[in-house]
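Worksheet for the structure shown next.
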Amino acid sequence: MTDKTHLVDEITGHRRMRRNRKADWSRRLIQENHLTVDDLIWPIFLVEGTGIVEPIPAMPGVNRMSIDKAVEAAREAADLGIPALATFPNVDLALRDETGSQALVANNLINKATTAIKKAGLNIGVITDVALDPFTSHGHDGILRDGIIVNDETVDAIARAAVMQADAGADIIAPSDMMDGRIGAIRRALDSAGHQDVGIMSYATKFASAHYGPYREAISTSGLLKGDKKTYYIDPANGTEAIRDAALDVEEGADMLMVKPGLPYLDICWRIKEAFGLPVYAYQVSGEYTMVKAAAANGWIDGERVMMEQLLCFKRAGCDGILTYFAMDVARKLAKG
Ligand code: PBG
């Protein structure tokens with residue numbers, strides 16, 4: 001019976017959402033989404049040399065590692081059960097040029113690292129980013145001519161670089177450049193080189209976002225970049241255009257789709273999952289990571305709880321996994337239970 005002295009009506013009495021929330025056990029029983037170690041992809045930064053673990057000031061807790069250290073880190077990640085790494089090279093400035101020619105050197109930094117990690121025989125996948133920005137003297141993802149990023153020539157270079165990455169042992173190629181037609185070109189190039197089992201995780205919807213700042217410091221492109229990337233990344237204002245872009249990647253043969261950045265784009269994650277049913281991954285990018293770290297360092301938020309909540313929200317939004325710089329922290333936390 002409803003207590004007539006209260007304003008809550010009788011109907012409410014039958015429909016109390018709080019009944020299921022009343023205790024820890026019942027909350028666990030109704031929990032719809034879970035974050036597990038299987039959801040994590042760990043992006044790592046590479047640098048030439050040996051024995052180097054170099055902190056990146058704009059990304060507290062994240063380091064650039066030489067290949068020997070990256071192999072050790074990969075072993076640690078595999079032991080924790082992390083399914084895959086994503087590698088990003090900080091290329092020697094002297095090796096960068098207008099066309100990013102270092103991307104087409106078979107034993108360049110990223111490829112040497114892949115081979116070394118794969119040689120260790122670990123149960124962990126290696127996802128290699130293919131774009132020209134770590135290799136160009138202007139920091140753009142493609143070949144720059146007369147102030148224009150030329151699409152088709154860039155695609156040819158990227159497809160050739162992808163084959164070299166696969167030759168080095170990459171399990172999944174992740175093109176992050178947003179040139180038109182790149183997925184199909186990479187698929188054809190991989191297949192004709194006998195790499196039909198190497199997958200493609202397309203950065204299908206990559207937005208022209210201000211959240212990439214710390215990453216550019218990590219691979220030393222922040223001082224180099226001339227202009228912006230608005231002629232090839234998607235306008236943050238556009239959702240339908242993003243779905244159309246992803247649809248082309250699906251048609252061209254993408255095996256997995258990525259949304260980047262992550263948290264401000266959860267609607268895109270959801271729409272892409274609904275539209276295509278392919279595995280979808282969010283990239284919680286450097287700026288997102290750094291915002292959590294900075295606020296936590298000031299004592300303004302509980303960094304660990306915010307980290308766990310944000311990653312869980314990606315699952316709720318339909319993601320099958322998350323590329324996150326928090327991967328090792330989360331994996332350790334989950335292992336402790
Ligand atoms: C470019 C690339 C970017 C990131 C990874 N590859 C964006 C950019 O520099 O424009 C960003 C990753 C991050 O911010 O964590 N190919």
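In the structure tokens, chains take letters A, B, ... by order of appearance, with residues numbered from 1 within each chain and ligands from 1 in the order shown.
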Around ligand 1, out to 9 Å and counting only C-alpha atoms and all ligand atoms, which residues are there? I want them as an MDAnalysis selection string. chainID A and resid 43 88 129:134 139:141 175:178 206:216 218:219 221:222 225 228:229 233 260:261 283:289 323:325
Can those selected residues be exported to a file as a short mmCIF file (atom, residue, chain, number, x, y, z; two decimals), in the first residue's frame so that it contains C-alpha atoms?
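Written out: out02.cif:
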```cif
data_model
loop_
_atom_site.label_atom_id
_atom_site.label_comp_id
_atom_site.auth_asym_id
_atom_site.auth_seq_id
_atom_site.Cartn_x
_atom_site.Cartn_y
_atom_site.Cartn_z
CA PRO A 43 49.60 1.75 -27.93
CA PHE A 88 54.10 4.13 -33.16
CA ASP A 129 49.90 2.11 -37.79
CA VAL A 130 50.47 2.93 -41.42
CA ALA A 131 50.55 6.63 -42.24
CA LEU A 132 53.34 8.92 -43.34
CA ASP A 133 53.24 11.44 -40.48
CA PRO A 134 56.05 9.90 -38.37
CA GLY A 139 54.10 16.13 -40.07
CA HIS A 140 51.28 15.41 -42.50
CA ASP A 141 49.97 11.89 -43.08
CA PRO A 175 45.86 2.84 -41.71
CA SER A 176 45.38 6.15 -39.90
CA ASP A 177 45.80 8.56 -42.79
CA MET A 178 42.19 8.94 -44.06
CA LYS A 206 39.13 9.73 -37.70
CA PHE A 207 38.17 13.26 -36.80
CA ALA A 208 40.14 16.49 -37.17
CA SER A 209 40.40 16.71 -33.41
CA ALA A 210 42.31 18.88 -30.97
CA HIS A 211 42.79 15.82 -28.76
CA TYR A 212 45.94 14.57 -30.53
CA GLY A 213 48.32 17.18 -29.10
CA PRO A 214 50.33 15.03 -26.68
CA TYR A 215 50.74 12.28 -29.30
CA ARG A 216 52.43 14.76 -31.59
CA ALA A 218 55.39 11.73 -28.34
CA ILE A 219 56.45 11.22 -31.96
CA THR A 221 55.69 16.06 -34.96
CA SER A 222 54.19 18.95 -32.99
CA LEU A 225 53.13 20.25 -38.56
CA ASP A 228 46.01 21.32 -40.06
CA LYS A 229 44.58 18.00 -41.24
CA TYR A 233 40.23 13.99 -41.35
CA LYS A 260 39.05 8.14 -33.04
CA PRO A 261 39.06 10.02 -30.69
CA TYR A 283 40.93 5.00 -29.64
CA GLN A 284 41.03 6.86 -26.34
CA VAL A 285 43.65 9.26 -27.64
CA SER A 286 46.54 11.05 -26.02
CA GLY A 287 44.58 14.19 -25.10
CA GLU A 288 41.87 12.15 -23.42
CA TYR A 289 44.49 10.27 -21.42
CA LEU A 323 43.10 1.41 -27.67
CA THR A 324 44.20 3.04 -24.46
CA TYR A 325 47.39 4.29 -22.84
#
```
Nearby residues (only C-alpha atoms) at most 8 Å from A:Leu40, same-chain spacing under 2 positions excluded, as a PyMOL selection string: chain A and resi 36-38+42+82-84+321-324+327
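The interatomic distance for the pair atom CA of A:Asn33 and atom CA of A:Ile173 works out to 28.3 Å.
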With distances taken over only C-alpha atoms, which residue among A:Asn20, A:Thr154, A:Ser220, A:Asn107 lies nearest A:Asp167? A:Asn107
All strand (DSSP E or B) positions in stretch 26-211 of chain A, as a compact mmCIF listing (two decimals) with C-alpha atoms, in the first residue's frame:
```txt
# COMPACT_ATOMS: atom_id res chain seq x y z
CA LEU A 40 42.52 -3.71 -24.26
CA ILE A 41 44.91 -2.68 -27.01
CA TRP A 42 48.05 -0.98 -25.73
CA PRO A 43 49.60 1.75 -27.93
CA ILE A 44 53.37 2.04 -27.43
CA PHE A 45 55.98 4.50 -28.69
CA LEU A 46 59.27 3.34 -30.16
CA VAL A 53 62.78 4.13 -21.53
CA GLU A 54 62.17 7.84 -22.05
CA PRO A 55 59.23 9.63 -20.36
CA ASN A 63 57.39 6.30 -22.29
CA ARG A 64 59.19 5.97 -25.58
CA MET A 65 61.00 2.65 -25.61
CA ALA A 84 47.40 -6.69 -28.77
CA LEU A 85 49.86 -3.82 -29.01
CA ALA A 86 49.70 -0.88 -31.42
CA THR A 87 53.12 0.55 -32.31
CA PHE A 88 54.10 4.13 -33.16
CA PRO A 89 57.65 5.14 -34.05
CA ASP A 97 61.69 14.20 -45.56
CA GLY A 125 49.12 -9.40 -31.66
CA VAL A 126 51.03 -6.54 -33.23
CA ILE A 127 48.97 -3.81 -34.90
CA THR A 128 51.03 -1.40 -36.95
CA ASP A 129 49.90 2.11 -37.79
CA VAL A 130 50.47 2.93 -41.42
CA THR A 136 57.49 13.37 -43.11
CA ILE A 143 52.73 13.47 -49.55
CA LEU A 144 52.55 17.27 -49.66
CA ARG A 145 52.80 19.01 -53.02
CA ILE A 148 48.05 19.88 -51.10
CA ILE A 149 48.15 16.37 -49.64
CA VAL A 150 48.05 14.31 -52.82
CA ILE A 172 46.98 -6.26 -38.37
CA ILE A 173 47.59 -3.14 -40.45
CA ALA A 174 45.91 0.01 -39.15
CA PRO A 175 45.86 2.84 -41.71
CA GLY A 199 43.94 -8.05 -41.25
CA ILE A 200 43.06 -4.40 -41.65
CA MET A 201 41.80 -2.31 -38.76
CA SER A 202 40.68 0.86 -40.44
CA TYR A 203 40.83 4.16 -38.65
CA ALA A 204 37.46 4.42 -40.35
CA THR A 205 36.26 7.55 -38.67
CA LYS A 206 39.13 9.73 -37.70
CA PHE A 207 38.17 13.26 -36.80
```
DSSP on the backbone, then: every residue of stretch 177-327 of chain A marked alpha helix (DSSP H), written as a PyMOL selection string. chain A and resi 182-192+213-218+240-252+266-276+286-297+303-316+327
Take the selection from the previous step and output its residues with C-alpha atoms, as a PDB file, in the first residue's frame.
```pdb
ATOM      1  CA  ARG A 182      43.373   3.257 -49.039  1.00  0.00           C
ATOM      2  CA  ILE A 183      41.631   0.233 -47.577  1.00  0.00           C
ATOM      3  CA  GLY A 184      41.009  -1.355 -50.964  1.00  0.00           C
ATOM      4  CA  ALA A 185      44.530  -0.534 -52.123  1.00  0.00           C
ATOM      5  CA  ILE A 186      46.112  -2.016 -48.996  1.00  0.00           C
ATOM      6  CA  ARG A 187      43.923  -5.144 -49.268  1.00  0.00           C
ATOM      7  CA  ARG A 188      44.960  -5.692 -52.880  1.00  0.00           C
ATOM      8  CA  ALA A 189      48.625  -5.063 -52.111  1.00  0.00           C
ATOM      9  CA  LEU A 190      48.613  -7.426 -49.124  1.00  0.00           C
ATOM     10  CA  ASP A 191      46.826 -10.158 -51.055  1.00  0.00           C
ATOM     11  CA  SER A 192      49.125  -9.975 -54.029  1.00  0.00           C
ATOM     12  CA  GLY A 213      48.316  17.180 -29.101  1.00  0.00           C
ATOM     13  CA  PRO A 214      50.326  15.031 -26.676  1.00  0.00           C
ATOM     14  CA  TYR A 215      50.738  12.281 -29.302  1.00  0.00           C
ATOM     15  CA  ARG A 216      52.427  14.762 -31.593  1.00  0.00           C
ATOM     16  CA  GLU A 217      54.873  15.490 -28.819  1.00  0.00           C
ATOM     17  CA  ALA A 218      55.386  11.730 -28.336  1.00  0.00           C
ATOM     18  CA  THR A 240      26.401  10.998 -41.090  1.00  0.00           C
ATOM     19  CA  GLU A 241      29.506  11.746 -43.153  1.00  0.00           C
ATOM     20  CA  ALA A 242      31.481   9.571 -40.742  1.00  0.00           C
ATOM     21  CA  ILE A 243      29.118   6.635 -41.262  1.00  0.00           C
ATOM     22  CA  ARG A 244      29.417   7.035 -45.034  1.00  0.00           C
ATOM     23  CA  ASP A 245      33.213   7.056 -44.738  1.00  0.00           C
ATOM     24  CA  ALA A 246      33.132   3.883 -42.640  1.00  0.00           C
ATOM     25  CA  ALA A 247      30.770   2.243 -45.166  1.00  0.00           C
ATOM     26  CA  LEU A 248      33.364   2.728 -47.899  1.00  0.00           C
ATOM     27  CA  ASP A 249      36.014   1.086 -45.731  1.00  0.00           C
ATOM     28  CA  VAL A 250      33.701  -1.867 -45.119  1.00  0.00           C
ATOM     29  CA  GLU A 251      33.097  -2.223 -48.873  1.00  0.00           C
ATOM     30  CA  GLU A 252      36.830  -2.011 -49.536  1.00  0.00           C
ATOM     31  CA  LEU A 266      30.518   7.574 -28.438  1.00  0.00           C
ATOM     32  CA  ASP A 267      27.544   8.266 -30.715  1.00  0.00           C
ATOM     33  CA  ILE A 268      29.727   7.344 -33.685  1.00  0.00           C
ATOM     34  CA  CYS A 269      30.837   4.112 -31.979  1.00  0.00           C
ATOM     35  CA  TRP A 270      27.218   3.155 -31.474  1.00  0.00           C
ATOM     36  CA  ARG A 271      26.115   4.080 -34.994  1.00  0.00           C
ATOM     37  CA  ILE A 272      28.992   2.193 -36.586  1.00  0.00           C
ATOM     38  CA  LYS A 273      28.385  -0.927 -34.533  1.00  0.00           C
ATOM     39  CA  GLU A 274      24.680  -0.855 -35.405  1.00  0.00           C
ATOM     40  CA  ALA A 275      25.278  -0.143 -39.088  1.00  0.00           C
ATOM     41  CA  PHE A 276      27.929  -2.736 -39.919  1.00  0.00           C
ATOM     42  CA  SER A 286      46.543  11.052 -26.016  1.00  0.00           C
ATOM     43  CA  GLY A 287      44.580  14.194 -25.102  1.00  0.00           C
ATOM     44  CA  GLU A 288      41.865  12.152 -23.420  1.00  0.00           C
ATOM     45  CA  TYR A 289      44.488  10.275 -21.423  1.00  0.00           C
ATOM     46  CA  THR A 290      46.288  13.432 -20.457  1.00  0.00           C
ATOM     47  CA  MET A 291      43.124  15.202 -19.279  1.00  0.00           C
ATOM     48  CA  VAL A 292      42.405  12.382 -16.836  1.00  0.00           C
ATOM     49  CA  LYS A 293      46.017  12.337 -15.655  1.00  0.00           C
ATOM     50  CA  ALA A 294      46.203  16.111 -15.209  1.00  0.00           C
ATOM     51  CA  ALA A 295      42.954  16.406 -13.287  1.00  0.00           C
ATOM     52  CA  ALA A 296      43.923  13.456 -11.092  1.00  0.00           C
ATOM     53  CA  ALA A 297      47.371  14.925 -10.418  1.00  0.00           C
ATOM     54  CA  GLY A 303      41.845   9.256 -11.686  1.00  0.00           C
ATOM     55  CA  GLU A 304      41.559   5.511 -11.292  1.00  0.00           C
ATOM     56  CA  ARG A 305      37.789   5.513 -11.008  1.00  0.00           C
ATOM     57  CA  VAL A 306      37.398   7.904 -13.923  1.00  0.00           C
ATOM     58  CA  MET A 307      39.680   5.679 -16.000  1.00  0.00           C
ATOM     59  CA  MET A 308      37.623   2.563 -15.257  1.00  0.00           C
ATOM     60  CA  GLU A 309      34.317   4.350 -15.834  1.00  0.00           C
ATOM     61  CA  GLN A 310      35.362   5.845 -19.155  1.00  0.00           C
ATOM     62  CA  LEU A 311      36.617   2.519 -20.469  1.00  0.00           C
ATOM     63  CA  LEU A 312      33.437   0.746 -19.390  1.00  0.00           C
ATOM     64  CA  CYS A 313      31.391   3.411 -21.194  1.00  0.00           C
ATOM     65  CA  PHE A 314      33.091   2.419 -24.456  1.00  0.00           C
ATOM     66  CA  LYS A 315      31.717  -1.091 -23.937  1.00  0.00           C
ATOM     67  CA  ARG A 316      28.236   0.273 -23.301  1.00  0.00           C
ATOM     68  CA  ALA A 327      45.985  -0.567 -20.831  1.00  0.00           C
TER      69      ALA A 327
END
```
Determine, counting only C-alpha atoms, which protein, DNA and RNA residues have an atom within 12 Å of an atom of A:Ala116; residues of the same chain fewer than 5 positions away are not included. Present the result as a VMD selection string. chain A and resid 66 to 75 107 109 to 111 121 to 122 126 168 to 170
May I have the residues from that selection written out with C-alpha atoms, as an mmCIF file, in the first residue's frame?
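result.cif, written as the output of this step:
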```
data_model
loop_
_atom_site.group_PDB
_atom_site.id
_atom_site.type_symbol
_atom_site.label_atom_id
_atom_site.label_comp_id
_atom_site.auth_asym_id
_atom_site.auth_seq_id
_atom_site.Cartn_x
_atom_site.Cartn_y
_atom_site.Cartn_z
ATOM 1 C CA SER A 66 63.866 1.242 -27.595
ATOM 2 C CA ILE A 67 63.129 -2.082 -29.259
ATOM 3 C CA ASP A 68 64.720 -4.253 -26.538
ATOM 4 C CA LYS A 69 62.565 -2.522 -23.910
ATOM 5 C CA ALA A 70 59.505 -2.779 -26.143
ATOM 6 C CA VAL A 71 60.003 -6.552 -26.311
ATOM 7 C CA GLU A 72 60.168 -6.681 -22.503
ATOM 8 C CA ALA A 73 57.023 -4.551 -22.303
ATOM 9 C CA ALA A 74 55.290 -6.810 -24.813
ATOM 10 C CA ARG A 75 56.136 -9.825 -22.662
ATOM 11 C CA ASN A 107 64.043 -2.381 -41.771
ATOM 12 C CA LEU A 109 62.152 1.418 -36.703
ATOM 13 C CA ILE A 110 58.555 0.227 -36.704
ATOM 14 C CA ASN A 111 59.328 -2.854 -38.789
ATOM 15 C CA GLY A 121 56.939 -15.860 -29.611
ATOM 16 C CA LEU A 122 54.443 -14.183 -27.302
ATOM 17 C CA VAL A 126 51.028 -6.536 -33.234
ATOM 18 C CA ALA A 168 58.087 -7.783 -40.915
ATOM 19 C CA GLY A 169 55.415 -9.812 -39.149
ATOM 20 C CA ALA A 170 52.556 -7.370 -38.423
#
```
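Note that atom CA of A:Thr114 and atom CA of A:Val163 are 13.0 Å apart.
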